[in-house]
Amino acid sequence: MDNIIEIESNSQVEKIVETIKTELDEQMIIYKPRGRKFLDIGYIPRNSIHREKEISRISKQIIEFVIDKTSGSLMMCGNSGTGKTMSYKLAKIVADTYMSDLGHEDYIVIYVTAQGTEINSLMTEICRELNVDAPSRGISFKDYINIIKEKCRKTYIHICIDEFDKLFFSRSKEKVEDVIYYFTRTENLSMTIITNRMNIAKDIKDSRVFSSLNTLNTISFKDYSADQCFDILSQRTKLAFNDGFVPENVLHMLCNHIAIEGGDIRKGLSVLGLCAKHAEDAKISTITAEIMEYIIEKYDILRDGENLKEQAVSGKLILSAIYSLLMSNQNSALDSRDVFAKQDYYRSTMNLPSISRESHSVYLTKLTTSGIICATRNSKGGRDGTTMSITLRYPRNAVKYMLNEDPELHGIHIIIEDELRDLRKDRLAASSHIQKNL
Ligand SMILES: Nc1ncnc2c1ncn2[C@@H]1O[C@H](COP(=O)(O)OP(=O)(O)OP(=O)(O)O)[C@@H](O)[C@H]1O
Ligand SMILES: [Mg+2]
């Protein structure tokens, strides 16, 4: 039987509706009507700036492939948030407009992303985009290729694979070279590869595949400078927010920070979103320089802290040990033996078995590879064997965030707070002793 929900006047539902109404009204101090969508990282502006040259090169290349019916490839490389996906999507609109003006309709240009997929699912998606039936499992890679080849007999196809480098890390990475080989050497078929890595050609072992990949036909997306970030983000700010919400000098602060960190516009948009959230909670209508500074720091810490939460528990305990030692030490470089001893103590408090020095080194290497710490071998080994000098590359507050947020580390967090409280007390006592003796 269906549940009967009786709505009385003044019921909970009405109260919530009222609260939402008030909250949305309050947002009007911050956002322009329907302004939120302009902060969406997936929003593609029709009038993008600073990428005109790239967009026209990509569209010209797609048009040439289609009109000349040639096979081959185009590569687009650059760091995150530099406008690659946006530029490809805009270039497709340009190419379609050009071709439709010419009355050219016998072609298909499709876009797929390799993010989070294996090659077979990617091939199924390509078939779906091409409007051809293909089973999602139970057929081989070569079968998919044959299905696509069959389609190419009737119409010219251009396939763009975004986030291509993700395929090199997938379970089916041995098929990556086949994808490049067939997609660049099949009649009536060409491809665009979008990647973060400038040198994906280095991962290609087969020389025939390497020669198929026309690495000279590459468009590089340079990191945005602070001024370019400012132009892009001030356009978005004007569309999203009421005048004066983010004053120019405050936006410049954000853009300088983004440019130093690699020119990722997505990060700028996320920080602006956090500014709006902050203003909503604090009921303010302008973001000051101090608030922007606080939010930029918080953004980095949140992101880094979330990354740390993904580590294995042994890695987290090593990080907790590093944090505790750094907070109680004047020195930013730590001795790996101290870190080993401290993490061993933390393990014992959690009733976890000890790990060997070798396993400890393995964890240090993992944390180094992830860019979280820097571990360098000391030249003198001494009696205890080779030692390492360890520095933390993430902000200490990111580890603090991990300790705060991770329920598994609750006990360790309390121990560290006690350790630091005791240390502060000792230091205070020592300094008052010195004062008295002066
Ligand atoms: N030149 C620009 N003008 C306006 N908005 C831009 C510009 N460049 C990037 N953006 C904004 O930033 C967002 C992210 O850009 P995009 O997705 O194209 O980055 P990307 O280079 O593909 O990054 P990734 O390598 O992480 O996939 C876009 O959706 C768009 O909103
Ligand atoms: Mg992209």
# chains A, B, ... in the order shown; residues from 1 in each chain; ligands from 1
>>> closest_atom_pairs(of="chain A", to="ligand 1", cutoff="7 Å", atoms="only C-alpha atoms and all ligand atoms", output="JSON lines")
{"residue": "A:Asp40", "atom": "CA", "partner": "ligand 1", "partner_atom_place_in_ligand_line": "31 (O)", "distance": 6.8}
{"residue": "A:Ile41", "atom": "CA", "partner": "ligand 1", "partner_atom_place_in_ligand_line": "29 (O)", "distance": 4.6}
{"residue": "A:Gly42", "atom": "CA", "partner": "ligand 1", "partner_atom_place_in_ligand_line": "29 (O)", "distance": 4.3}
{"residue": "A:Tyr43", "atom": "CA", "partner": "ligand 1", "partner_atom_place_in_ligand_line": "31 (O)", "distance": 4.8}
{"residue": "A:Ile44", "atom": "CA", "partner": "ligand 1", "partner_atom_place_in_ligand_line": "31 (O)", "distance": 5.1}
{"residue": "A:Pro45", "atom": "CA", "partner": "ligand 1", "partner_atom_place_in_ligand_line": "4 (C)", "distance": 5.9}
{"residue": "A:Ser48", "atom": "CA", "partner": "ligand 1", "partner_atom_place_in_ligand_line": "3 (N)", "distance": 3.9}
{"residue": "A:Ile49", "atom": "CA", "partner": "ligand 1", "partner_atom_place_in_ligand_line": "1 (N)", "distance": 4.5}
{"residue": "A:His50", "atom": "CA", "partner": "ligand 1", "partner_atom_place_in_ligand_line": "1 (N)", "distance": 5.0}
{"residue": "A:Arg51", "atom": "CA", "partner": "ligand 1", "partner_atom_place_in_ligand_line": "1 (N)", "distance": 5.2}
{"residue": "A:Gly78", "atom": "CA", "partner": "ligand 1", "partner_atom_place_in_ligand_line": "21 (O)", "distance": 6.3}
{"residue": "A:Asn79", "atom": "CA", "partner": "ligand 1", "partner_atom_place_in_ligand_line": "25 (O)", "distance": 5.5}
{"residue": "A:Ser80", "atom": "CA", "partner": "ligand 1", "partner_atom_place_in_ligand_line": "26 (O)", "distance": 3.5}
{"residue": "A:Gly81", "atom": "CA", "partner": "ligand 1", "partner_atom_place_in_ligand_line": "19 (O)", "distance": 3.4}
{"residue": "A:Thr82", "atom": "CA", "partner": "ligand 1", "partner_atom_place_in_ligand_line": "21 (O)", "distance": 3.9}
{"residue": "A:Gly83", "atom": "CA", "partner": "ligand 1", "partner_atom_place_in_ligand_line": "18 (O)", "distance": 3.1}
{"residue": "A:Lys84", "atom": "CA", "partner": "ligand 1", "partner_atom_place_in_ligand_line": "21 (O)", "distance": 3.8}
{"residue": "A:Thr85", "atom": "CA", "partner": "ligand 1", "partner_atom_place_in_ligand_line": "18 (O)", "distance": 3.8}
{"residue": "A:Met86", "atom": "CA", "partner": "ligand 1", "partner_atom_place_in_ligand_line": "18 (O)", "distance": 3.7}
{"residue": "A:Ser87", "atom": "CA", "partner": "ligand 1", "partner_atom_place_in_ligand_line": "18 (O)", "distance": 6.2}
{"residue": "A:Glu163", "atom": "CA", "partner": "ligand 1", "partner_atom_place_in_ligand_line": "27 (O)", "distance": 6.4}
{"residue": "A:Thr195", "atom": "CA", "partner": "ligand 1", "partner_atom_place_in_ligand_line": "25 (O)", "distance": 6.7}
{"residue": "A:Asn196", "atom": "CA", "partner": "ligand 1", "partner_atom_place_in_ligand_line": "25 (O)", "distance": 5.4}
{"residue": "A:Ile232", "atom": "CA", "partner": "ligand 1", "partner_atom_place_in_ligand_line": "4 (C)", "distance": 5.1}
{"residue": "A:Ile265", "atom": "CA", "partner": "ligand 1", "partner_atom_place_in_ligand_line": "12 (O)", "distance": 4.8}
{"residue": "A:Arg266", "atom": "CA", "partner": "ligand 1", "partner_atom_place_in_ligand_line": "12 (O)", "distance": 4.9}
>>> write_last_selection(atoms="N, CA and C atoms", output="PDB file, in the first residue's frame")
ATOM      1  N   ASP A  40      29.567  26.965 -13.950  1.00  0.00           N
ATOM      2  CA  ASP A  40      29.654  25.522 -14.152  1.00  0.00           C
ATOM      3  C   ASP A  40      30.900  25.207 -14.988  1.00  0.00           C
ATOM      4  N   ILE A  41      31.710  24.228 -14.527  1.00  0.00           N
ATOM      5  CA  ILE A  41      32.945  23.961 -15.278  1.00  0.00           C
ATOM      6  C   ILE A  41      32.657  23.319 -16.634  1.00  0.00           C
ATOM      7  N   GLY A  42      31.443  22.805 -16.797  1.00  0.00           N
ATOM      8  CA  GLY A  42      31.096  22.200 -18.086  1.00  0.00           C
ATOM      9  C   GLY A  42      30.499  23.217 -19.049  1.00  0.00           C
ATOM     10  N   TYR A  43      30.280  24.451 -18.582  1.00  0.00           N
ATOM     11  CA  TYR A  43      29.669  25.458 -19.442  1.00  0.00           C
ATOM     12  C   TYR A  43      30.646  25.869 -20.543  1.00  0.00           C
ATOM     13  N   ILE A  44      30.163  25.841 -21.781  1.00  0.00           N
ATOM     14  CA  ILE A  44      31.049  26.225 -22.887  1.00  0.00           C
ATOM     15  C   ILE A  44      30.581  27.555 -23.461  1.00  0.00           C
ATOM     16  N   PRO A  45      31.367  28.605 -23.249  1.00  0.00           N
ATOM     17  CA  PRO A  45      30.929  29.906 -23.763  1.00  0.00           C
ATOM     18  C   PRO A  45      31.017  29.939 -25.284  1.00  0.00           C
ATOM     19  N   SER A  48      34.410  32.335 -26.612  1.00  0.00           N
ATOM     20  CA  SER A  48      35.565  32.106 -25.742  1.00  0.00           C
ATOM     21  C   SER A  48      36.651  33.095 -26.155  1.00  0.00           C
ATOM     22  N   ILE A  49      37.546  33.380 -25.231  1.00  0.00           N
ATOM     23  CA  ILE A  49      38.631  34.292 -25.596  1.00  0.00           C
ATOM     24  C   ILE A  49      39.974  33.585 -25.427  1.00  0.00           C
ATOM     25  N   HIS A  50      40.974  34.100 -26.120  1.00  0.00           N
ATOM     26  CA  HIS A  50      42.350  33.598 -26.055  1.00  0.00           C
ATOM     27  C   HIS A  50      42.543  32.210 -26.665  1.00  0.00           C
ATOM     28  N   ARG A  51      41.565  31.668 -27.326  1.00  0.00           N
ATOM     29  CA  ARG A  51      41.773  30.380 -27.990  1.00  0.00           C
ATOM     30  C   ARG A  51      41.296  30.425 -29.446  1.00  0.00           C
ATOM     31  N   GLY A  78      48.046  19.686 -23.721  1.00  0.00           N
ATOM     32  CA  GLY A  78      48.148  20.819 -22.799  1.00  0.00           C
ATOM     33  C   GLY A  78      47.717  20.410 -21.408  1.00  0.00           C
ATOM     34  N   ASN A  79      48.054  21.261 -20.441  1.00  0.00           N
ATOM     35  CA  ASN A  79      47.705  20.957 -19.052  1.00  0.00           C
ATOM     36  C   ASN A  79      46.206  21.057 -18.808  1.00  0.00           C
ATOM     37  N   SER A  80      45.799  20.636 -17.630  1.00  0.00           N
ATOM     38  CA  SER A  80      44.377  20.664 -17.261  1.00  0.00           C
ATOM     39  C   SER A  80      43.820  22.079 -17.261  1.00  0.00           C
ATOM     40  N   GLY A  81      42.587  22.192 -17.711  1.00  0.00           N
ATOM     41  CA  GLY A  81      41.889  23.482 -17.636  1.00  0.00           C
ATOM     42  C   GLY A  81      42.438  24.545 -18.565  1.00  0.00           C
ATOM     43  N   THR A  82      43.124  24.124 -19.648  1.00  0.00           N
ATOM     44  CA  THR A  82      43.665  25.122 -20.583  1.00  0.00           C
ATOM     45  C   THR A  82      42.757  25.280 -21.809  1.00  0.00           C
ATOM     46  N   GLY A  83      41.573  24.658 -21.769  1.00  0.00           N
ATOM     47  CA  GLY A  83      40.586  24.892 -22.825  1.00  0.00           C
ATOM     48  C   GLY A  83      40.629  23.927 -23.997  1.00  0.00           C
ATOM     49  N   LYS A  84      41.221  22.738 -23.816  1.00  0.00           N
ATOM     50  CA  LYS A  84      41.310  21.788 -24.942  1.00  0.00           C
ATOM     51  C   LYS A  84      39.927  21.266 -25.345  1.00  0.00           C
ATOM     52  N   THR A  85      39.208  20.712 -24.342  1.00  0.00           N
ATOM     53  CA  THR A  85      37.887  20.133 -24.641  1.00  0.00           C
ATOM     54  C   THR A  85      36.955  21.214 -25.176  1.00  0.00           C
ATOM     55  N   MET A  86      36.984  22.376 -24.512  1.00  0.00           N
ATOM     56  CA  MET A  86      36.130  23.490 -24.946  1.00  0.00           C
ATOM     57  C   MET A  86      36.454  23.854 -26.396  1.00  0.00           C
ATOM     58  N   SER A  87      37.755  23.966 -26.727  1.00  0.00           N
ATOM     59  CA  SER A  87      38.138  24.380 -28.080  1.00  0.00           C
ATOM     60  C   SER A  87      37.711  23.341 -29.107  1.00  0.00           C
ATOM     61  N   GLU A 163      40.915  12.861 -23.322  1.00  0.00           N
ATOM     62  CA  GLU A 163      41.564  12.191 -22.176  1.00  0.00           C
ATOM     63  C   GLU A 163      42.247  10.903 -22.643  1.00  0.00           C
ATOM     64  N   THR A 195      45.104  15.119 -25.171  1.00  0.00           N
ATOM     65  CA  THR A 195      45.887  14.543 -24.077  1.00  0.00           C
ATOM     66  C   THR A 195      46.546  15.616 -23.222  1.00  0.00           C
ATOM     67  N   ASN A 196      46.811  15.252 -21.968  1.00  0.00           N
ATOM     68  CA  ASN A 196      47.545  16.147 -21.073  1.00  0.00           C
ATOM     69  C   ASN A 196      49.044  16.029 -21.306  1.00  0.00           C
ATOM     70  N   ILE A 232      39.303  35.845 -18.923  1.00  0.00           N
ATOM     71  CA  ILE A 232      38.314  34.762 -18.975  1.00  0.00           C
ATOM     72  C   ILE A 232      37.404  34.801 -17.745  1.00  0.00           C
ATOM     73  N   ILE A 265      41.748  27.059 -15.529  1.00  0.00           N
ATOM     74  CA  ILE A 265      40.549  27.906 -15.385  1.00  0.00           C
ATOM     75  C   ILE A 265      39.509  27.232 -14.503  1.00  0.00           C
ATOM     76  N   ARG A 266      39.479  25.897 -14.574  1.00  0.00           N
ATOM     77  CA  ARG A 266      38.489  25.161 -13.775  1.00  0.00           C
ATOM     78  C   ARG A 266      38.661  25.482 -12.285  1.00  0.00           C
TER      79      ARG A 266
END
>>> residues_around(residues="Leu167 of chain A", least_positions_apart="6", cutoff="8 Å", atoms="only C-alpha atoms", output="VMD selection string")
chain A and resid 114 117 to 119 173 176
>>> write_last_selection(atoms="C-alpha atoms", output="JSON list (two decimals), in the first residue's frame")
[["chain", "number", "residue", "atom", "x", "y", "z"],
["A", 114, "ALA", "CA", 38.40, 7.76, -22.40],
["A", 117, "THR", "CA", 36.53, 3.50, -19.38],
["A", 118, "GLU", "CA", 38.24, 0.47, -20.82],
["A", 119, "ILE", "CA", 38.89, 0.16, -24.54],
["A", 173, "LYS", "CA", 46.50, -0.64, -22.36],
["A", 176, "VAL", "CA", 46.12, 1.52, -27.32]]
>>> atom_distance(atom1="atom CA of Ala240 of chain A", atom2="atom CA of Ser270 of chain A")
12.9 Å
>>> select_by_dssp(residues="segment 327-430 of chain A", states="alpha helix (DSSP H)", output="PyMOL selection string")
chain A and resi 327-328+336-349+357-369+396-405+410-430
>>> write_last_selection(atoms="C-alpha atoms", output="mmCIF file, in the first residue's frame")
data_model
loop_
_atom_site.group_PDB
_atom_site.id
_atom_site.type_symbol
_atom_site.label_atom_id
_atom_site.label_comp_id
_atom_site.auth_asym_id
_atom_site.auth_seq_id
_atom_site.Cartn_x
_atom_site.Cartn_y
_atom_site.Cartn_z
ATOM 1 C CA MET A 327 54.798 20.534 14.185
ATOM 2 C CA SER A 328 57.158 19.828 17.052
ATOM 3 C CA SER A 336 63.416 8.732 8.052
ATOM 4 C CA ARG A 337 64.403 6.863 11.256
ATOM 5 C CA ASP A 338 62.362 9.321 13.358
ATOM 6 C CA VAL A 339 59.404 8.943 11.018
ATOM 7 C CA PHE A 340 59.733 5.157 11.190
ATOM 8 C CA ALA A 341 59.770 5.146 15.006
ATOM 9 C CA LYS A 342 56.804 7.473 15.291
ATOM 10 C CA GLN A 343 54.598 5.662 12.787
ATOM 11 C CA ASP A 344 55.498 2.382 14.572
ATOM 12 C CA TYR A 345 54.226 3.890 17.825
ATOM 13 C CA TYR A 346 51.005 5.019 16.123
ATOM 14 C CA ARG A 347 50.532 1.535 14.685
ATOM 15 C CA SER A 348 50.837 0.035 18.169
ATOM 16 C CA THR A 349 48.162 2.394 19.531
ATOM 17 C CA ARG A 357 62.033 -0.951 7.471
ATOM 18 C CA GLU A 358 61.839 -2.278 3.896
ATOM 19 C CA SER A 359 58.040 -1.897 3.777
ATOM 20 C CA HIS A 360 58.447 1.545 5.284
ATOM 21 C CA SER A 361 60.802 2.461 2.406
ATOM 22 C CA VAL A 362 58.245 1.142 -0.081
ATOM 23 C CA TYR A 363 55.552 3.405 1.425
ATOM 24 C CA LEU A 364 57.949 6.363 1.353
ATOM 25 C CA THR A 365 58.575 5.692 -2.344
ATOM 26 C CA LYS A 366 54.827 5.504 -3.022
ATOM 27 C CA LEU A 367 54.229 8.822 -1.250
ATOM 28 C CA THR A 368 57.137 10.324 -3.199
ATOM 29 C CA THR A 369 55.761 9.083 -6.531
ATOM 30 C CA ARG A 396 50.728 20.768 6.662
ATOM 31 C CA ASN A 397 47.117 21.871 6.944
ATOM 32 C CA ALA A 398 46.171 19.274 4.319
ATOM 33 C CA VAL A 399 47.437 16.546 6.690
ATOM 34 C CA LYS A 400 45.575 18.255 9.532
ATOM 35 C CA TYR A 401 42.438 18.142 7.365
ATOM 36 C CA MET A 402 43.009 14.404 6.760
ATOM 37 C CA LEU A 403 43.405 13.807 10.516
ATOM 38 C CA ASN A 404 40.248 15.790 11.194
ATOM 39 C CA GLU A 405 38.089 14.193 8.544
ATOM 40 C CA HIS A 410 40.410 9.740 15.168
ATOM 41 C CA GLY A 411 42.534 8.133 17.920
ATOM 42 C CA ILE A 412 45.805 9.244 16.296
ATOM 43 C CA HIS A 413 44.459 12.775 15.940
ATOM 44 C CA ILE A 414 43.814 12.939 19.693
ATOM 45 C CA ILE A 415 47.307 11.571 20.456
ATOM 46 C CA ILE A 416 48.928 14.181 18.188
ATOM 47 C CA GLU A 417 46.918 16.998 19.743
ATOM 48 C CA ASP A 418 48.021 15.835 23.206
ATOM 49 C CA GLU A 419 51.652 15.604 22.060
ATOM 50 C CA LEU A 420 51.529 19.143 20.709
ATOM 51 C CA ARG A 421 49.727 20.501 23.796
ATOM 52 C CA ASP A 422 52.381 18.974 26.077
ATOM 53 C CA LEU A 423 55.113 20.425 23.896
ATOM 54 C CA ARG A 424 53.564 23.892 24.042
ATOM 55 C CA LYS A 425 53.324 23.624 27.848
ATOM 56 C CA ASP A 426 57.004 22.553 28.100
ATOM 57 C CA ARG A 427 58.090 25.402 25.863
ATOM 58 C CA LEU A 428 56.075 27.913 27.880
ATOM 59 C CA ALA A 429 57.538 26.595 31.143
ATOM 60 C CA ALA A 430 61.068 26.742 29.701
#
>>> closest_atom_pairs(of="segment 185-242 of chain A", to="segment 133-146 of chain A", cutoff="12 Å", atoms="only C-alpha atoms", output="Markdown table")
| residue | atom | partner | partner_atom | distance |
| --- | --- | --- | --- | --- |
| A:Arg185 | CA | A:Ile145 | CA | 11.6 |
| A:Thr186 | CA | A:Ile145 | CA | 9.5 |
| A:Leu189 | CA | A:Ile145 | CA | 11.3 |
>>> closest_residue(among="A:Ile204, A:Ile260, A:Met75, A:Ile390", to="Asp223 of chain A", atoms="only C-alpha atoms")
A:Ile260
>>> residues_around(residues="Gly35 of chain A", least_positions_apart="4", cutoff="10 Å", atoms="only C-alpha atoms", output="MDAnalysis selection string")
chainID A and resid 28 30:31 39:40 236:242
>>> write_last_selection(atoms="C-alpha atoms", output="short mmCIF file (atom, residue, chain, number, x, y, z; two decimals), in the first residue's frame")
data_model
loop_
_atom_site.label_atom_id
_atom_site.label_comp_id
_atom_site.auth_asym_id
_atom_site.auth_seq_id
_atom_site.Cartn_x
_atom_site.Cartn_y
_atom_site.Cartn_z
CA MET A 28 19.95 37.41 -5.19
CA ILE A 30 25.17 37.52 -4.92
CA TYR A 31 24.01 36.00 -8.21
CA LEU A 39 30.31 29.08 -13.09
CA ASP A 40 29.65 25.52 -14.15
CA ARG A 236 32.31 34.77 -16.27
CA THR A 237 32.12 36.87 -13.10
CA LYS A 238 30.13 39.55 -14.96
CA LEU A 239 27.66 36.96 -16.23
CA ALA A 240 27.28 35.16 -12.90
CA PHE A 241 27.48 37.76 -10.15
CA ASN A 242 26.01 41.12 -9.30
#
>>> atom_distance(atom1="atom CA of Thr286 of chain A", atom2="atom CA of Arg36 of chain A")
16.5 Å
>>> closest_residue(among="A:Cys77, A:Ile126, A:Val209, A:Val66", to="ligand 2", atoms="only C-alpha atoms and all ligand atoms")
A:Cys77
>>> select_by_dssp(residues="segment 32-259 of chain A", states="strand (DSSP E or B)", output="NGL selection string")
:A and (72-78 or 107-113 or 156-162 or 189-195 or 218-221 or 241)
>>> write_last_selection(atoms="N, CA and C atoms", output="mmCIF file, in the first residue's frame")
data_model
loop_
_atom_site.group_PDB
_atom_site.id
_atom_site.type_symbol
_atom_site.label_atom_id
_atom_site.label_comp_id
_atom_site.auth_asym_id
_atom_site.auth_seq_id
_atom_site.Cartn_x
_atom_site.Cartn_y
_atom_site.Cartn_z
ATOM 1 N N GLY A 72 44.292 10.050 -41.096
ATOM 2 C CA GLY A 72 45.375 10.737 -40.385
ATOM 3 C C GLY A 72 44.932 11.148 -39.008
ATOM 4 N N SER A 73 45.778 11.969 -38.363
ATOM 5 C CA SER A 73 45.449 12.330 -36.983
ATOM 6 C C SER A 73 45.852 13.758 -36.660
ATOM 7 N N LEU A 74 45.168 14.289 -35.657
ATOM 8 C CA LEU A 74 45.500 15.590 -35.097
ATOM 9 C C LEU A 74 45.658 15.376 -33.598
ATOM 10 N N MET A 75 46.685 15.991 -33.002
ATOM 11 C CA MET A 75 46.849 15.871 -31.551
ATOM 12 C C MET A 75 46.655 17.239 -30.901
ATOM 13 N N MET A 76 45.996 17.231 -29.752
ATOM 14 C CA MET A 76 45.861 18.464 -28.970
ATOM 15 C C MET A 76 46.413 18.172 -27.580
ATOM 16 N N CYS A 77 47.460 18.908 -27.187
ATOM 17 C CA CYS A 77 48.077 18.642 -25.871
ATOM 18 C C CYS A 77 48.071 19.888 -25.012
ATOM 19 N N GLY A 78 48.046 19.686 -23.721
ATOM 20 C CA GLY A 78 48.148 20.819 -22.799
ATOM 21 C C GLY A 78 47.717 20.410 -21.408
ATOM 22 N N TYR A 107 29.065 13.078 -43.762
ATOM 23 C CA TYR A 107 30.188 12.831 -42.847
ATOM 24 C C TYR A 107 29.649 12.767 -41.424
ATOM 25 N N ILE A 108 30.429 12.164 -40.534
ATOM 26 C CA ILE A 108 30.046 12.158 -39.113
ATOM 27 C C ILE A 108 31.280 12.553 -38.303
ATOM 28 N N VAL A 109 31.126 13.533 -37.418
ATOM 29 C CA VAL A 109 32.223 13.888 -36.505
ATOM 30 C C VAL A 109 31.731 13.565 -35.105
ATOM 31 N N ILE A 110 32.440 12.683 -34.398
ATOM 32 C CA ILE A 110 31.973 12.336 -33.048
ATOM 33 C C ILE A 110 33.041 12.632 -31.989
ATOM 34 N N TYR A 111 32.561 12.743 -30.745
ATOM 35 C CA TYR A 111 33.442 13.045 -29.614
ATOM 36 C C TYR A 111 33.182 12.014 -28.519
ATOM 37 N N VAL A 112 34.232 11.340 -28.053
ATOM 38 C CA VAL A 112 34.082 10.433 -26.901
ATOM 39 C C VAL A 112 35.231 10.700 -25.925
ATOM 40 N N THR A 113 35.038 10.303 -24.680
ATOM 41 C CA THR A 113 36.138 10.499 -23.726
ATOM 42 C C THR A 113 36.562 9.160 -23.124
ATOM 43 N N TYR A 156 32.131 9.313 -44.424
ATOM 44 C CA TYR A 156 33.411 9.681 -43.831
ATOM 45 C C TYR A 156 33.231 9.912 -42.323
ATOM 46 N N ILE A 157 34.201 9.424 -41.529
ATOM 47 C CA ILE A 157 34.067 9.544 -40.067
ATOM 48 C C ILE A 157 35.314 10.204 -39.453
ATOM 49 N N HIS A 158 35.076 11.162 -38.540
ATOM 50 C CA HIS A 158 36.180 11.706 -37.755
ATOM 51 C C HIS A 158 35.851 11.462 -36.285
ATOM 52 N N ILE A 159 36.796 10.823 -35.569
ATOM 53 C CA ILE A 159 36.540 10.480 -34.162
ATOM 54 C C ILE A 159 37.512 11.241 -33.266
ATOM 55 N N CYS A 160 36.965 11.938 -32.272
ATOM 56 C CA CYS A 160 37.837 12.599 -31.303
ATOM 57 C C CYS A 160 37.814 11.796 -30.013
ATOM 58 N N ILE A 161 38.999 11.398 -29.532
ATOM 59 C CA ILE A 161 39.057 10.721 -28.228
ATOM 60 C C ILE A 161 39.741 11.667 -27.238
ATOM 61 N N ASP A 162 38.940 12.149 -26.281
ATOM 62 C CA ASP A 162 39.449 13.064 -25.255
ATOM 63 C C ASP A 162 40.062 12.239 -24.119
ATOM 64 N N LEU A 189 38.567 7.481 -42.576
ATOM 65 C CA LEU A 189 38.517 7.641 -41.122
ATOM 66 C C LEU A 189 39.728 8.455 -40.648
ATOM 67 N N SER A 190 39.489 9.386 -39.750
ATOM 68 C CA SER A 190 40.608 10.126 -39.143
ATOM 69 C C SER A 190 40.287 10.375 -37.681
ATOM 70 N N MET A 191 41.291 10.818 -36.921
ATOM 71 C CA MET A 191 41.033 10.991 -35.490
ATOM 72 C C MET A 191 41.727 12.216 -34.906
ATOM 73 N N THR A 192 41.129 12.708 -33.808
ATOM 74 C CA THR A 192 41.785 13.727 -32.986
ATOM 75 C C THR A 192 42.044 13.094 -31.633
ATOM 76 N N ILE A 193 43.270 13.299 -31.138
ATOM 77 C CA ILE A 193 43.617 12.801 -29.806
ATOM 78 C C ILE A 193 43.802 14.007 -28.891
ATOM 79 N N ILE A 194 43.097 14.018 -27.771
ATOM 80 C CA ILE A 194 43.313 15.105 -26.796
ATOM 81 C C ILE A 194 44.007 14.507 -25.576
ATOM 82 N N THR A 195 45.104 15.119 -25.171
ATOM 83 C CA THR A 195 45.887 14.543 -24.077
ATOM 84 C C THR A 195 46.546 15.616 -23.222
ATOM 85 N N THR A 218 50.429 18.715 -34.257
ATOM 86 C CA THR A 218 50.020 18.846 -32.854
ATOM 87 C C THR A 218 49.706 20.305 -32.531
ATOM 88 N N ILE A 219 48.627 20.519 -31.811
ATOM 89 C CA ILE A 219 48.324 21.871 -31.339
ATOM 90 C C ILE A 219 48.573 21.893 -29.832
ATOM 91 N N SER A 220 49.499 22.743 -29.421
ATOM 92 C CA SER A 220 49.811 22.810 -27.978
ATOM 93 C C SER A 220 49.027 23.925 -27.331
ATOM 94 N N PHE A 221 48.419 23.606 -26.204
ATOM 95 C CA PHE A 221 47.671 24.607 -25.440
ATOM 96 C C PHE A 221 48.553 25.097 -24.308
ATOM 97 N N PHE A 241 27.690 37.028 -11.415
ATOM 98 C CA PHE A 241 27.482 37.758 -10.152
ATOM 99 C C PHE A 241 26.990 39.191 -10.346
#
>>> closest_atom_pairs(of="segment 297-410 of chain A", to="segment 244-258 of chain A", cutoff="12 Å", atoms="only C-alpha atoms", output="JSON lines")
{"residue": "A:Glu297", "atom": "CA", "partner": "A:His257", "partner_atom": "CA", "distance": 10.3}
{"residue": "A:Tyr299", "atom": "CA", "partner": "A:Leu254", "partner_atom": "CA", "distance": 11.6}
{"residue": "A:Asp300", "atom": "CA", "partner": "A:His257", "partner_atom": "CA", "distance": 11.1}
>>> closest_residue(among="A:Glu64, A:Asp165, A:Glu177, A:Glu129", to="ligand 2", atoms="only C-alpha atoms and all ligand atoms")
A:Asp165
>>> closest_residue(among="A:Tyr98, A:Phe183, A:Phe164, A:Phe169", to="ligand 2", atoms="only C-alpha atoms and all ligand atoms")
A:Phe164
>>> decode(residues="segment 404-411 of chain A", atoms="N, CA and C atoms", output="PDB file, in the first residue's frame")
ATOM      1  N   ASN A 404      41.553  15.332  10.722  1.00  0.00           N
ATOM      2  CA  ASN A 404      40.248  15.790  11.194  1.00  0.00           C
ATOM      3  C   ASN A 404      39.092  14.994  10.604  1.00  0.00           C
ATOM      4  N   GLU A 405      39.232  14.717   9.297  1.00  0.00           N
ATOM      5  CA  GLU A 405      38.089  14.193   8.544  1.00  0.00           C
ATOM      6  C   GLU A 405      37.995  12.677   8.521  1.00  0.00           C
ATOM      7  N   ASP A 406      39.146  12.006   8.744  1.00  0.00           N
ATOM      8  CA  ASP A 406      39.158  10.562   8.567  1.00  0.00           C
ATOM      9  C   ASP A 406      38.823   9.858   9.892  1.00  0.00           C
ATOM     10  N   PRO A 407      37.655   9.209   9.990  1.00  0.00           N
ATOM     11  CA  PRO A 407      37.273   8.598  11.269  1.00  0.00           C
ATOM     12  C   PRO A 407      38.271   7.534  11.722  1.00  0.00           C
ATOM     13  N   GLU A 408      38.925   6.870  10.759  1.00  0.00           N
ATOM     14  CA  GLU A 408      39.908   5.831  11.078  1.00  0.00           C
ATOM     15  C   GLU A 408      41.073   6.402  11.907  1.00  0.00           C
ATOM     16  N   LEU A 409      41.340   7.708  11.696  1.00  0.00           N
ATOM     17  CA  LEU A 409      42.503   8.318  12.343  1.00  0.00           C
ATOM     18  C   LEU A 409      42.135   9.107  13.599  1.00  0.00           C
ATOM     19  N   HIS A 410      40.884   8.940  14.046  1.00  0.00           N
ATOM     20  CA  HIS A 410      40.410   9.740  15.168  1.00  0.00           C
ATOM     21  C   HIS A 410      41.340   9.618  16.390  1.00  0.00           C
ATOM     22  N   GLY A 411      41.687   8.376  16.746  1.00  0.00           N
ATOM     23  CA  GLY A 411      42.534   8.133  17.920  1.00  0.00           C
ATOM     24  C   GLY A 411      43.891   8.797  17.757  1.00  0.00           C
TER      25      GLY A 411
END
